[in-house]
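Pasted below: entry-v9.pdb, PDB, C-alpha atoms and all ligand atoms.
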ATOM      1  CA  MET J 100       1.070 -26.960  -9.090  1.00  0.00           C
ATOM      2  CA  LYS J 101      -2.211 -25.084  -9.437  1.00  0.00           C
ATOM      3  CA  ILE J 102      -1.630 -22.546 -12.187  1.00  0.00           C
ATOM      4  CA  VAL J 103      -3.890 -19.517 -12.515  1.00  0.00           C
ATOM      5  CA  THR J 104      -3.220 -17.296 -15.523  1.00  0.00           C
ATOM      6  CA  MET J 105      -4.545 -13.822 -16.195  1.00  0.00           C
ATOM      7  CA  ALA J 106      -5.294 -13.408 -19.889  1.00  0.00           C
ATOM      8  CA  SER J 107      -6.753 -10.722 -22.074  1.00  0.00           C
ATOM      9  CA  THR J 108      -5.793  -9.445 -25.480  1.00  0.00           C
ATOM     10  CA  LYS J 109      -6.907  -5.939 -24.485  1.00  0.00           C
ATOM     11  CA  GLY J 110      -4.532  -3.739 -22.524  1.00  0.00           C
ATOM     12  CA  GLY J 111      -5.608  -2.255 -19.210  1.00  0.00           C
ATOM     13  CA  SER J 112      -8.408  -4.727 -18.491  1.00  0.00           C
ATOM     14  CA  GLY J 113      -7.156  -5.349 -14.945  1.00  0.00           C
ATOM     15  CA  LYS J 114      -4.954  -8.440 -15.307  1.00  0.00           C
ATOM     16  CA  SER J 115      -2.134  -7.214 -13.077  1.00  0.00           C
ATOM     17  CA  THR J 116      -4.408  -5.637 -10.482  1.00  0.00           C
ATOM     18  CA  LEU J 117      -6.502  -8.777 -10.121  1.00  0.00           C
ATOM     19  CA  ALA J 118      -3.366 -10.978 -10.181  1.00  0.00           C
ATOM     20  CA  CYS J 119      -2.154  -9.188  -7.037  1.00  0.00           C
ATOM     21  CA  CYS J 120      -5.547  -9.602  -5.342  1.00  0.00           C
ATOM     22  CA  LEU J 121      -5.657 -13.297  -6.245  1.00  0.00           C
ATOM     23  CA  ALA J 122      -2.116 -13.863  -4.966  1.00  0.00           C
ATOM     24  CA  VAL J 123      -3.055 -12.460  -1.555  1.00  0.00           C
ATOM     25  CA  GLU J 124      -6.353 -14.343  -1.516  1.00  0.00           C
ATOM     26  CA  ALA J 125      -4.624 -17.631  -2.411  1.00  0.00           C
ATOM     27  CA  MET J 126      -2.336 -17.223   0.602  1.00  0.00           C
ATOM     28  CA  ALA J 127      -5.282 -17.772   2.946  1.00  0.00           C
ATOM     29  CA  SER J 128      -5.861 -21.329   1.790  1.00  0.00           C
ATOM     30  CA  HIS J 129      -2.521 -22.422   0.300  1.00  0.00           C
ATOM     31  CA  GLU J 130       0.800 -22.619   2.086  1.00  0.00           C
ATOM     32  CA  ARG J 131       2.892 -21.719  -0.934  1.00  0.00           C
ATOM     33  CA  VAL J 132       2.049 -19.090  -3.539  1.00  0.00           C
ATOM     34  CA  TYR J 133       4.323 -18.209  -6.473  1.00  0.00           C
ATOM     35  CA  LEU J 134       4.086 -15.221  -8.793  1.00  0.00           C
ATOM     36  CA  LEU J 135       5.201 -15.340 -12.402  1.00  0.00           C
ATOM     37  CA  ASP J 136       5.333 -12.133 -14.416  1.00  0.00           C
ATOM     38  CA  LEU J 137       5.468 -12.887 -18.142  1.00  0.00           C
ATOM     39  CA  ASP J 138       4.788  -9.253 -19.075  1.00  0.00           C
ATOM     40  CA  PRO J 139       7.892  -7.194 -19.963  1.00  0.00           C
ATOM     41  CA  GLN J 140       6.104  -4.213 -18.356  1.00  0.00           C
ATOM     42  CA  GLY J 141       6.805  -5.981 -15.049  1.00  0.00           C
ATOM     43  CA  SER J 142       3.857  -4.596 -13.055  1.00  0.00           C
ATOM     44  CA  PHE J 143       3.293  -7.811 -11.099  1.00  0.00           C
ATOM     45  CA  ALA J 144       6.989  -8.045 -10.198  1.00  0.00           C
ATOM     46  CA  ALA J 145       7.021  -4.343  -9.236  1.00  0.00           C
ATOM     47  CA  TRP J 146       4.083  -4.903  -6.879  1.00  0.00           C
ATOM     48  CA  TRP J 147       5.944  -7.801  -5.250  1.00  0.00           C
ATOM     49  CA  ARG J 148       8.939  -5.516  -4.708  1.00  0.00           C
ATOM     50  CA  MET J 149       6.667  -2.800  -3.238  1.00  0.00           C
ATOM     51  CA  ARG J 150       5.392  -5.493  -0.911  1.00  0.00           C
ATOM     52  CA  GLY J 151       8.961  -5.911   0.330  1.00  0.00           C
ATOM     53  CA  GLY J 152       9.950  -8.884  -1.833  1.00  0.00           C
ATOM     54  CA  PRO J 153       8.551 -11.510   0.557  1.00  0.00           C
ATOM     55  CA  ALA J 154       9.452 -15.213   0.508  1.00  0.00           C
ATOM     56  CA  ASN J 155       5.741 -15.971   0.237  1.00  0.00           C
ATOM     57  CA  PRO J 156       4.207 -15.115  -2.132  1.00  0.00           C
ATOM     58  CA  GLN J 157       7.487 -15.570  -3.951  1.00  0.00           C
ATOM     59  CA  LEU J 158       8.333 -14.062  -7.319  1.00  0.00           C
ATOM     60  CA  ILE J 159       9.884 -16.539  -9.732  1.00  0.00           C
ATOM     61  CA  ARG J 160      12.590 -14.757 -11.690  1.00  0.00           C
ATOM     62  CA  ASP J 161      14.251 -15.514 -15.003  1.00  0.00           C
ATOM     63  CA  ALA J 162      11.603 -17.964 -16.159  1.00  0.00           C
ATOM     64  CA  PRO J 163      10.322 -17.060 -19.642  1.00  0.00           C
ATOM     65  CA  THR J 164       7.513 -19.641 -19.625  1.00  0.00           C
ATOM     66  CA  ILE J 165       5.238 -21.398 -17.146  1.00  0.00           C
ATOM     67  CA  ALA J 166       7.038 -24.684 -17.833  1.00  0.00           C
ATOM     68  CA  ALA J 167      10.391 -23.074 -16.994  1.00  0.00           C
ATOM     69  CA  ALA J 168       8.932 -21.603 -13.798  1.00  0.00           C
ATOM     70  CA  VAL J 169       7.558 -24.966 -12.662  1.00  0.00           C
ATOM     71  CA  ARG J 170      10.929 -26.585 -13.378  1.00  0.00           C
ATOM     72  CA  LYS J 171      12.601 -23.913 -11.241  1.00  0.00           C
ATOM     73  CA  VAL J 172      10.491 -24.312  -8.106  1.00  0.00           C
ATOM     74  CA  GLY J 173       9.464 -27.959  -8.524  1.00  0.00           C
ATOM     75  CA  ASP J 174       5.914 -29.193  -8.929  1.00  0.00           C
ATOM     76  CA  THR J 175       4.809 -28.991  -5.308  1.00  0.00           C
ATOM     77  CA  GLY J 176       1.253 -30.368  -5.399  1.00  0.00           C
ATOM     78  CA  ASP J 177      -0.884 -27.841  -3.511  1.00  0.00           C
ATOM     79  CA  ALA J 178       1.177 -24.732  -4.301  1.00  0.00           C
ATOM     80  CA  VAL J 179      -0.481 -22.025  -6.389  1.00  0.00           C
ATOM     81  CA  MET J 180       1.206 -20.061  -9.178  1.00  0.00           C
ATOM     82  CA  ILE J 181      -0.435 -16.830 -10.291  1.00  0.00           C
ATOM     83  CA  VAL J 182       0.727 -15.830 -13.766  1.00  0.00           C
ATOM     84  CA  ASP J 183       0.384 -12.353 -15.220  1.00  0.00           C
ATOM     85  CA  THR J 184       0.660 -12.041 -18.995  1.00  0.00           C
ATOM     86  CA  PRO J 185       0.966  -9.202 -21.513  1.00  0.00           C
ATOM     87  CA  ASN J 186      -1.874  -8.430 -23.909  1.00  0.00           C
ATOM     88  CA  GLY J 187       0.256  -9.639 -26.805  1.00  0.00           C
ATOM     89  CA  PRO J 188       1.796 -11.316 -28.731  1.00  0.00           C
ATOM     90  CA  LEU J 189      -0.954 -13.880 -29.087  1.00  0.00           C
ATOM     91  CA  ASP J 190       1.338 -16.935 -29.146  1.00  0.00           C
ATOM     92  CA  ARG J 191       2.668 -16.049 -25.706  1.00  0.00           C
ATOM     93  CA  ILE J 192      -0.869 -15.813 -24.259  1.00  0.00           C
ATOM     94  CA  ASP J 193      -1.803 -18.988 -26.125  1.00  0.00           C
ATOM     95  CA  LYS J 194       1.077 -20.945 -24.573  1.00  0.00           C
ATOM     96  CA  ALA J 195       0.190 -19.668 -21.099  1.00  0.00           C
ATOM     97  CA  ILE J 196      -3.478 -20.634 -21.515  1.00  0.00           C
ATOM     98  CA  ASP J 197      -2.430 -24.119 -22.587  1.00  0.00           C
ATOM     99  CA  ALA J 198      -0.294 -24.596 -19.455  1.00  0.00           C
ATOM    100  CA  SER J 199      -2.892 -23.349 -16.942  1.00  0.00           C
ATOM    101  CA  GLY J 200      -5.449 -25.003 -14.710  1.00  0.00           C
ATOM    102  CA  CYS J 201      -7.523 -21.833 -14.652  1.00  0.00           C
ATOM    103  CA  VAL J 202      -7.566 -18.785 -16.907  1.00  0.00           C
ATOM    104  CA  VAL J 203      -8.999 -15.526 -15.547  1.00  0.00           C
ATOM    105  CA  ILE J 204     -10.199 -13.139 -18.254  1.00  0.00           C
ATOM    106  CA  PRO J 205     -11.046  -9.605 -17.167  1.00  0.00           C
ATOM    107  CA  LEU J 206     -13.160  -7.416 -19.418  1.00  0.00           C
ATOM    108  CA  GLN J 207     -13.916  -3.763 -18.918  1.00  0.00           C
ATOM    109  CA  PRO J 208     -17.407  -2.601 -19.826  1.00  0.00           C
ATOM    110  CA  GLY J 209     -16.528  -0.566 -22.910  1.00  0.00           C
ATOM    111  CA  PRO J 210     -17.341  -0.887 -26.612  1.00  0.00           C
ATOM    112  CA  PHE J 211     -13.758  -1.418 -27.747  1.00  0.00           C
ATOM    113  CA  ASP J 212     -13.116  -3.859 -24.921  1.00  0.00           C
ATOM    114  CA  ILE J 213     -16.119  -5.935 -25.894  1.00  0.00           C
ATOM    115  CA  LEU J 214     -15.206  -5.816 -29.592  1.00  0.00           C
ATOM    116  CA  SER J 215     -11.618  -6.864 -28.996  1.00  0.00           C
ATOM    117  CA  SER J 216     -12.549  -9.784 -26.735  1.00  0.00           C
ATOM    118  CA  ASP J 217     -12.976 -11.905 -29.890  1.00  0.00           C
ATOM    119  CA  ALA J 218      -9.219 -12.508 -29.977  1.00  0.00           C
ATOM    120  CA  VAL J 219      -8.964 -13.966 -26.472  1.00  0.00           C
ATOM    121  CA  ASN J 220     -12.182 -15.942 -27.003  1.00  0.00           C
ATOM    122  CA  GLN J 221     -10.620 -17.480 -30.099  1.00  0.00           C
ATOM    123  CA  LEU J 222      -7.538 -18.511 -28.100  1.00  0.00           C
ATOM    124  CA  ILE J 223      -9.785 -20.137 -25.501  1.00  0.00           C
ATOM    125  CA  ALA J 224     -11.714 -21.987 -28.202  1.00  0.00           C
ATOM    126  CA  ASP J 225      -8.496 -23.140 -29.923  1.00  0.00           C
ATOM    127  CA  ASN J 226      -7.248 -24.523 -26.600  1.00  0.00           C
ATOM    128  CA  HIS J 227     -10.609 -26.168 -25.772  1.00  0.00           C
ATOM    129  CA  ALA J 228     -10.259 -24.258 -22.516  1.00  0.00           C
ATOM    130  CA  GLN J 229     -13.870 -23.100 -21.962  1.00  0.00           C
ATOM    131  CA  SER J 230     -14.237 -25.182 -18.795  1.00  0.00           C
ATOM    132  CA  ARG J 231     -11.036 -23.690 -17.361  1.00  0.00           C
ATOM    133  CA  VAL J 232     -12.102 -20.071 -17.686  1.00  0.00           C
ATOM    134  CA  VAL J 233     -13.312 -17.595 -15.062  1.00  0.00           C
ATOM    135  CA  ARG J 234     -14.633 -14.414 -16.630  1.00  0.00           C
ATOM    136  CA  VAL J 235     -14.699 -11.078 -14.874  1.00  0.00           C
ATOM    137  CA  VAL J 236     -16.352  -7.777 -15.675  1.00  0.00           C
ATOM    138  CA  ASN J 237     -13.853  -5.409 -14.098  1.00  0.00           C
ATOM    139  CA  ARG J 238     -14.242  -1.724 -13.220  1.00  0.00           C
ATOM    140  CA  ALA J 239     -18.002  -2.152 -13.310  1.00  0.00           C
ATOM    141  CA  ALA J 240     -19.225   1.246 -12.134  1.00  0.00           C
ATOM    142  CA  LYS J 241     -22.723   0.995 -10.664  1.00  0.00           C
ATOM    143  CA  LYS J 242     -24.328   3.482 -13.060  1.00  0.00           C
ATOM    144  CA  ASN J 243     -22.579   2.315 -16.207  1.00  0.00           C
ATOM    145  CA  PRO J 244     -25.171   0.851 -18.606  1.00  0.00           C
ATOM    146  CA  LEU J 245     -22.408  -0.965 -20.493  1.00  0.00           C
ATOM    147  CA  VAL J 246     -21.970  -3.336 -17.534  1.00  0.00           C
ATOM    148  CA  ALA J 247     -25.175  -5.181 -18.484  1.00  0.00           C
ATOM    149  CA  GLU J 248     -23.937  -5.343 -22.076  1.00  0.00           C
ATOM    150  CA  ALA J 249     -20.592  -6.814 -21.003  1.00  0.00           C
ATOM    151  CA  ILE J 250     -22.364  -9.407 -18.835  1.00  0.00           C
ATOM    152  CA  ALA J 251     -24.687 -10.332 -21.725  1.00  0.00           C
ATOM    153  CA  GLU J 252     -21.727 -10.643 -24.107  1.00  0.00           C
ATOM    154  CA  ILE J 253     -19.970 -13.015 -21.708  1.00  0.00           C
ATOM    155  CA  GLU J 254     -23.107 -15.068 -21.111  1.00  0.00           C
ATOM    156  CA  SER J 255     -23.616 -15.397 -24.862  1.00  0.00           C
ATOM    157  CA  HIS J 256     -20.398 -17.439 -24.949  1.00  0.00           C
ATOM    158  CA  GLY J 257     -22.028 -20.040 -22.730  1.00  0.00           C
ATOM    159  CA  GLY J 258     -19.637 -19.742 -19.808  1.00  0.00           C
ATOM    160  CA  GLY J 259     -22.302 -18.697 -17.288  1.00  0.00           C
ATOM    161  CA  SER J 260     -22.328 -15.414 -15.413  1.00  0.00           C
ATOM    162  CA  PRO J 261     -19.113 -13.496 -14.851  1.00  0.00           C
ATOM    163  CA  ILE J 262     -17.765 -12.295 -11.530  1.00  0.00           C
ATOM    164  CA  VAL J 263     -18.394  -8.553 -11.291  1.00  0.00           C
ATOM    165  CA  ILE J 264     -15.698  -6.353  -9.755  1.00  0.00           C
ATOM    166  CA  GLU J 265     -16.598  -2.749  -9.159  1.00  0.00           C
ATOM    167  CA  ASP J 266     -14.641   0.324 -10.108  1.00  0.00           C
ATOM    168  CA  ARG J 267     -13.053   1.300  -6.777  1.00  0.00           C
ATOM    169  CA  HIS J 268     -10.159   3.678  -6.283  1.00  0.00           C
ATOM    170  CA  LEU J 269      -8.994   1.395  -3.487  1.00  0.00           C
ATOM    171  CA  TYR J 270      -7.757  -1.154  -6.035  1.00  0.00           C
ATOM    172  CA  PRO J 271      -4.926   1.072  -7.317  1.00  0.00           C
ATOM    173  CA  THR J 272      -4.454   2.698  -3.906  1.00  0.00           C
ATOM    174  CA  ALA J 273      -3.730  -0.679  -2.316  1.00  0.00           C
ATOM    175  CA  MET J 274      -1.249  -1.599  -5.079  1.00  0.00           C
ATOM    176  CA  LEU J 275       0.861   1.502  -4.374  1.00  0.00           C
ATOM    177  CA  ASP J 276       1.700   0.091  -0.937  1.00  0.00           C
ATOM    178  CA  GLY J 277       2.312  -3.417  -2.209  1.00  0.00           C
ATOM    179  CA  LYS J 278      -1.028  -4.503  -0.807  1.00  0.00           C
ATOM    180  CA  ALA J 279      -4.179  -5.977  -2.250  1.00  0.00           C
ATOM    181  CA  VAL J 280      -7.532  -4.285  -1.818  1.00  0.00           C
ATOM    182  CA  GLN J 281      -8.805  -6.895   0.632  1.00  0.00           C
ATOM    183  CA  GLU J 282      -5.990  -5.917   2.994  1.00  0.00           C
ATOM    184  CA  LEU J 283      -7.541  -2.443   3.282  1.00  0.00           C
ATOM    185  CA  ARG J 284     -10.798  -1.837   5.069  1.00  0.00           C
ATOM    186  CA  SER J 285     -13.166  -2.363   2.208  1.00  0.00           C
ATOM    187  CA  LYS J 286     -15.773  -4.963   3.008  1.00  0.00           C
ATOM    188  CA  PRO J 287     -17.410  -4.877  -0.455  1.00  0.00           C
ATOM    189  CA  ALA J 288     -14.050  -5.290  -2.219  1.00  0.00           C
ATOM    190  CA  LYS J 289     -13.173  -8.121   0.140  1.00  0.00           C
ATOM    191  CA  VAL J 290     -16.438  -9.853  -0.717  1.00  0.00           C
ATOM    192  CA  GLU J 291     -15.962  -9.535  -4.500  1.00  0.00           C
ATOM    193  CA  ILE J 292     -12.361 -10.785  -4.426  1.00  0.00           C
ATOM    194  CA  ALA J 293     -13.413 -13.717  -2.235  1.00  0.00           C
ATOM    195  CA  ALA J 294     -16.088 -14.551  -4.835  1.00  0.00           C
ATOM    196  CA  LEU J 295     -13.469 -14.382  -7.596  1.00  0.00           C
ATOM    197  CA  TRP J 296     -11.127 -16.716  -5.714  1.00  0.00           C
ATOM    198  CA  ARG J 297     -14.001 -19.161  -5.017  1.00  0.00           C
ATOM    199  CA  ALA J 298     -14.716 -19.287  -8.748  1.00  0.00           C
ATOM    200  CA  VAL J 299     -11.024 -19.902  -9.482  1.00  0.00           C
ATOM    201  CA  GLU J 300     -10.816 -22.680  -6.873  1.00  0.00           C
ATOM    202  CA  GLY J 301     -13.975 -24.200  -8.328  1.00  0.00           C
ATOM    203  CA  VAL J 302     -12.299 -24.456 -11.716  1.00  0.00           C
ATOM    204  CA  LEU J 303      -9.014 -25.732 -10.258  1.00  0.00           C
ATOM    205  CA  ASN J 304     -10.901 -28.430  -8.378  1.00  0.00           C
ATOM    206  CA  GLY J 305     -12.869 -29.343 -11.489  1.00  0.00           C
ATOM    207  CA  LYS J 306     -16.270 -28.297 -10.138  1.00  0.00           C
TER
HETATM  208  N1  LIG J 401     -11.567  -2.673 -10.150  1.00  0.00           N
HETATM  209  C1  LIG J 401     -10.840  -1.583 -10.385  1.00  0.00           C
HETATM  210  N2  LIG J 401     -11.228  -0.374  -9.910  1.00  0.00           N
HETATM  211  C2  LIG J 401     -10.494   0.729 -10.176  1.00  0.00           C
HETATM  212  N3  LIG J 401      -9.383   0.748 -10.915  1.00  0.00           N
HETATM  213  C3  LIG J 401      -8.949  -0.428 -11.430  1.00  0.00           C
HETATM  214  C4  LIG J 401      -9.633  -1.646 -11.190  1.00  0.00           C
HETATM  215  N4  LIG J 401      -8.973  -2.638 -11.831  1.00  0.00           N
HETATM  216  C5  LIG J 401      -7.921  -2.061 -12.438  1.00  0.00           C
HETATM  217  N5  LIG J 401      -7.899  -0.740 -12.211  1.00  0.00           N
HETATM  218  C6  LIG J 401      -6.948   0.235 -12.758  1.00  0.00           C
HETATM  219  O1  LIG J 401      -7.002   0.118 -14.190  1.00  0.00           O
HETATM  220  C7  LIG J 401      -5.720   0.284 -14.763  1.00  0.00           C
HETATM  221  C8  LIG J 401      -5.361  -0.963 -15.582  1.00  0.00           C
HETATM  222  O2  LIG J 401      -5.247  -2.047 -14.682  1.00  0.00           O
HETATM  223  P1  LIG J 401      -4.080  -3.121 -14.850  1.00  0.00           P
HETATM  224  O3  LIG J 401      -2.765  -2.464 -14.992  1.00  0.00           O
HETATM  225  O4  LIG J 401      -4.257  -4.108 -13.769  1.00  0.00           O
HETATM  226  O5  LIG J 401      -4.521  -3.755 -16.246  1.00  0.00           O
HETATM  227  P2  LIG J 401      -3.685  -4.786 -17.138  1.00  0.00           P
HETATM  228  O6  LIG J 401      -4.686  -5.616 -17.859  1.00  0.00           O
HETATM  229  O7  LIG J 401      -2.691  -5.498 -16.321  1.00  0.00           O
HETATM  230  O8  LIG J 401      -2.962  -3.794 -18.151  1.00  0.00           O
HETATM  231  P3  LIG J 401      -1.796  -4.176 -19.205  1.00  0.00           P
HETATM  232  O9  LIG J 401      -2.499  -4.815 -20.369  1.00  0.00           O
HETATM  233  O10 LIG J 401      -1.171  -2.864 -19.547  1.00  0.00           O
HETATM  234  O11 LIG J 401      -0.874  -5.128 -18.521  1.00  0.00           O
HETATM  235  C9  LIG J 401      -4.776   0.551 -13.622  1.00  0.00           C
HETATM  236  O12 LIG J 401      -4.610   1.933 -13.477  1.00  0.00           O
HETATM  237  C10 LIG J 401      -5.510  -0.027 -12.409  1.00  0.00           C
HETATM  238  O13 LIG J 401      -5.139   0.618 -11.225  1.00  0.00           O
HETATM  239 MG    MG J 402      -0.653  -5.742 -16.634  1.00  0.00          MG
END

As a first step, turn the structure in this file into structure tokens.
Amino acid sequence: MKIVTMASTKGGSGKSTLACCLAVEAMASHERVYLLDLDPQGSFAAWWRMRGGPANPQLIRDAPTIAAAVRKVGDTGDAVMIVDTPNGPLDRIDKAIDASGCVVIPLQPGPFDILSSDAVNQLIADNHAQSRVVRVVNRAAKKNPLVAEAIAEIESHGGGSPIVIEDRHLYPTAMLDGKAVQELRSKPAKVEIAALWRAVEGVLNGK
């Protein structure tokens, strides 16, 4: 099972939104995609229901951990599991990071977001997971000077350049219909989500 976990200790960074986009993107290259919502808020599960509760991607229910979810569906080699997590408590995020082949960390370009990224960076360091991380600057409005600061902050941790996802109203608009942004007619959004998925696949394949 290829496990991709969204992680961030800051609320509202875009974990659930990007989880939905990644689930749809994964469908293009993988026959089986599973969704696991470890956040009691249940946004990821709600999106799946808005999508009509399809058999693929399939929501795994009543599994409190990644290990339990894998036991439920069986470890089918090429299948992908996208895992959404809450922004706390830390031990829950820590456990999910440990069980994942790739960890996607979204960061919004804001002072408090940058300050509070220390906590998730510490979890990554504790798990020796640097090589399994894909970092994202999310909601990067073109004219926002803090975008460059967020990119510099990420680069200072030695993980290379982040994927940059723009602030587009189509992201939430798509969610409302149980869709992902790349299923709407937005070429630029399609391109940035494809780049994000390529980075995730690169990590999963150990490149
Ligand atoms: N790239 C984007 N452009 C515009 N809006 C976005 C983008 N990404 C996320 N949003 C919006 O930002 C808000 C927070 O996103 P989301 O719920 O995905 O974050 P989260 O990290 O899952 O939050 P939580 O910590 O509460 O689970 C939502 O209203 C979402 O629609
Ligand atoms: Mg969420």

Please report as CSV every residue of chain J lying within 6 Å of ligand MG 402 (chain J), along with the nearest atom pair and their distance in Å (one decimal), using only C-alpha atoms and all ligand atoms.
residue,atom,partner,partner_atom,distance
J:Lys114,CA,J:MG402,MG,5.2
J:Ser115,CA,J:MG402,MG,4.1
J:Ser142,CA,J:MG402,MG,5.9

For the PyMOL selection byres (((chain J and resi 291) around 12) and not hetatm), applied here, can you spell out every residue it catches as a PDB file with C-alpha atoms, in the frame of the given file?
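Writing done, so here's part-v6.pdb:
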ATOM      1  CA  LEU J 117      -6.502  -8.777 -10.121  1.00  0.00           C
ATOM      2  CA  CYS J 120      -5.547  -9.602  -5.342  1.00  0.00           C
ATOM      3  CA  LEU J 121      -5.657 -13.297  -6.245  1.00  0.00           C
ATOM      4  CA  GLU J 124      -6.353 -14.343  -1.516  1.00  0.00           C
ATOM      5  CA  VAL J 235     -14.699 -11.078 -14.874  1.00  0.00           C
ATOM      6  CA  VAL J 236     -16.352  -7.777 -15.675  1.00  0.00           C
ATOM      7  CA  ASN J 237     -13.853  -5.409 -14.098  1.00  0.00           C
ATOM      8  CA  ARG J 238     -14.242  -1.724 -13.220  1.00  0.00           C
ATOM      9  CA  ALA J 239     -18.002  -2.152 -13.310  1.00  0.00           C
ATOM     10  CA  PRO J 261     -19.113 -13.496 -14.851  1.00  0.00           C
ATOM     11  CA  ILE J 262     -17.765 -12.295 -11.530  1.00  0.00           C
ATOM     12  CA  VAL J 263     -18.394  -8.553 -11.291  1.00  0.00           C
ATOM     13  CA  ILE J 264     -15.698  -6.353  -9.755  1.00  0.00           C
ATOM     14  CA  GLU J 265     -16.598  -2.749  -9.159  1.00  0.00           C
ATOM     15  CA  ASP J 266     -14.641   0.324 -10.108  1.00  0.00           C
ATOM     16  CA  ARG J 267     -13.053   1.300  -6.777  1.00  0.00           C
ATOM     17  CA  TYR J 270      -7.757  -1.154  -6.035  1.00  0.00           C
ATOM     18  CA  VAL J 280      -7.532  -4.285  -1.818  1.00  0.00           C
ATOM     19  CA  GLN J 281      -8.805  -6.895   0.632  1.00  0.00           C
ATOM     20  CA  SER J 285     -13.166  -2.363   2.208  1.00  0.00           C
ATOM     21  CA  LYS J 286     -15.773  -4.963   3.008  1.00  0.00           C
ATOM     22  CA  PRO J 287     -17.410  -4.877  -0.455  1.00  0.00           C
ATOM     23  CA  ALA J 288     -14.050  -5.290  -2.219  1.00  0.00           C
ATOM     24  CA  LYS J 289     -13.173  -8.121   0.140  1.00  0.00           C
ATOM     25  CA  VAL J 290     -16.438  -9.853  -0.717  1.00  0.00           C
ATOM     26  CA  ILE J 292     -12.361 -10.785  -4.426  1.00  0.00           C
ATOM     27  CA  ALA J 293     -13.413 -13.717  -2.235  1.00  0.00           C
ATOM     28  CA  ALA J 294     -16.088 -14.551  -4.835  1.00  0.00           C
ATOM     29  CA  LEU J 295     -13.469 -14.382  -7.596  1.00  0.00           C
ATOM     30  CA  TRP J 296     -11.127 -16.716  -5.714  1.00  0.00           C
ATOM     31  CA  ARG J 297     -14.001 -19.161  -5.017  1.00  0.00           C
ATOM     32  CA  ALA J 298     -14.716 -19.287  -8.748  1.00  0.00           C
TER      33      ALA J 298
END

Target residues per the PyMOL selection byres (((chain J and resi 210-212) around 9) and not hetatm), formatted as a ChimeraX atom specification: /J:109-110,112,206-209,213-216,245,249

Would you save the residues from that selection as a PDB file, in the coordinates of the input, using C-alpha atoms?
ATOM      1  CA  LYS J 109      -6.907  -5.939 -24.485  1.00  0.00           C
ATOM      2  CA  GLY J 110      -4.532  -3.739 -22.524  1.00  0.00           C
ATOM      3  CA  SER J 112      -8.408  -4.727 -18.491  1.00  0.00           C
ATOM      4  CA  LEU J 206     -13.160  -7.416 -19.418  1.00  0.00           C
ATOM      5  CA  GLN J 207     -13.916  -3.763 -18.918  1.00  0.00           C
ATOM      6  CA  PRO J 208     -17.407  -2.601 -19.826  1.00  0.00           C
ATOM      7  CA  GLY J 209     -16.528  -0.566 -22.910  1.00  0.00           C
ATOM      8  CA  ILE J 213     -16.119  -5.935 -25.894  1.00  0.00           C
ATOM      9  CA  LEU J 214     -15.206  -5.816 -29.592  1.00  0.00           C
ATOM     10  CA  SER J 215     -11.618  -6.864 -28.996  1.00  0.00           C
ATOM     11  CA  SER J 216     -12.549  -9.784 -26.735  1.00  0.00           C
ATOM     12  CA  LEU J 245     -22.408  -0.965 -20.493  1.00  0.00           C
ATOM     13  CA  ALA J 249     -20.592  -6.814 -21.003  1.00  0.00           C
TER      14      ALA J 249
END

Which residue of J:Val302, J:Gln221, J:Arg284, J:Thr108 approaches ligand LIG 401 (chain J) most closely, using only C-alpha atoms and all ligand atoms: J:Thr108

Nearest candidate to Ala144 in chain J (options J:Asp177, J:Gly277, J:Thr272, J:Val232; using only C-alpha atoms):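 Using only C-alpha atoms, the shortest distance to Ala144 in chain J belongs to J:Gly277.
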
Quick one: 8 Å padding each side, axis-aligned, all listed atoms of ligand LIG 401 (chain J) - centre and edge lengths in Å to one decimal, as JSON?
{"center_x": -6.2, "center_y": -1.8, "center_z": -15.1, "size_x": 26.7, "size_y": 23.5, "size_z": 26.5}

Option closest in space to Gly258 in chain J, from J:Asn304, J:Thr164, J:Gln229, J:Thr116 [counting all atoms listed in the file]: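 Among J:Asn304, J:Thr164, J:Gln229, J:Thr116, it is J:Gln229 that comes nearest to Gly258 in chain J.
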
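For the point (-10.0, -12.8, -24.8) in file coordinates, the residues within 7 Å, using only C-alpha atoms, are Ala106, Ser107, Thr108, Ile204, Ser216, Asp217, Ala218, Val219 and Asn220 of chain J.
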
Atom-to-atom span, CA of Asp174 in chain J and CA of Arg131 in chain J, Å: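 Between CA of Asp174 in chain J and CA of Arg131 in chain J the gap is 11.4 Å.
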
Exercise: Asp276 in chain J partners within 9 Å, all atoms listed in the file, chain neighbours under 5 positions left out, as a PyMOL selection string: chain J and resi 146+149-150

Let me see the file: selected residues, C-alpha atoms, as a PDB file, in the frame of the given file.
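Final output, saved to part27.pdb:
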ATOM      1  CA  TRP J 146       4.083  -4.903  -6.879  1.00  0.00           C
ATOM      2  CA  MET J 149       6.667  -2.800  -3.238  1.00  0.00           C
ATOM      3  CA  ARG J 150       5.392  -5.493  -0.911  1.00  0.00           C
TER       4      ARG J 150
END

Taking the block above, write range 219-233 of chain J with C-alpha atoms as a PDB file, in the first residue's frame.
ATOM      1  CA  VAL J 219       5.483  19.603  12.542  1.00  0.00           C
ATOM      2  CA  ASN J 220       9.154  19.996  11.587  1.00  0.00           C
ATOM      3  CA  GLN J 221      10.094  18.509  14.948  1.00  0.00           C
ATOM      4  CA  LEU J 222       7.815  15.513  14.322  1.00  0.00           C
ATOM      5  CA  ILE J 223       9.459  14.987  10.936  1.00  0.00           C
ATOM      6  CA  ALA J 224      12.921  15.180  12.491  1.00  0.00           C
ATOM      7  CA  ASP J 225      11.959  12.766  15.301  1.00  0.00           C
ATOM      8  CA  ASN J 226      10.717  10.277  12.699  1.00  0.00           C
ATOM      9  CA  HIS J 227      13.801  10.737  10.468  1.00  0.00           C
ATOM     10  CA  ALA J 228      11.222  11.387   7.766  1.00  0.00           C
ATOM     11  CA  GLN J 229      12.879  14.269   5.859  1.00  0.00           C
ATOM     12  CA  SER J 230      13.263  12.186   2.694  1.00  0.00           C
ATOM     13  CA  ARG J 231       9.573  11.235   2.790  1.00  0.00           C
ATOM     14  CA  VAL J 232       8.249  14.782   2.877  1.00  0.00           C
ATOM     15  CA  VAL J 233       6.661  16.905   0.149  1.00  0.00           C
TER      16      VAL J 233
END
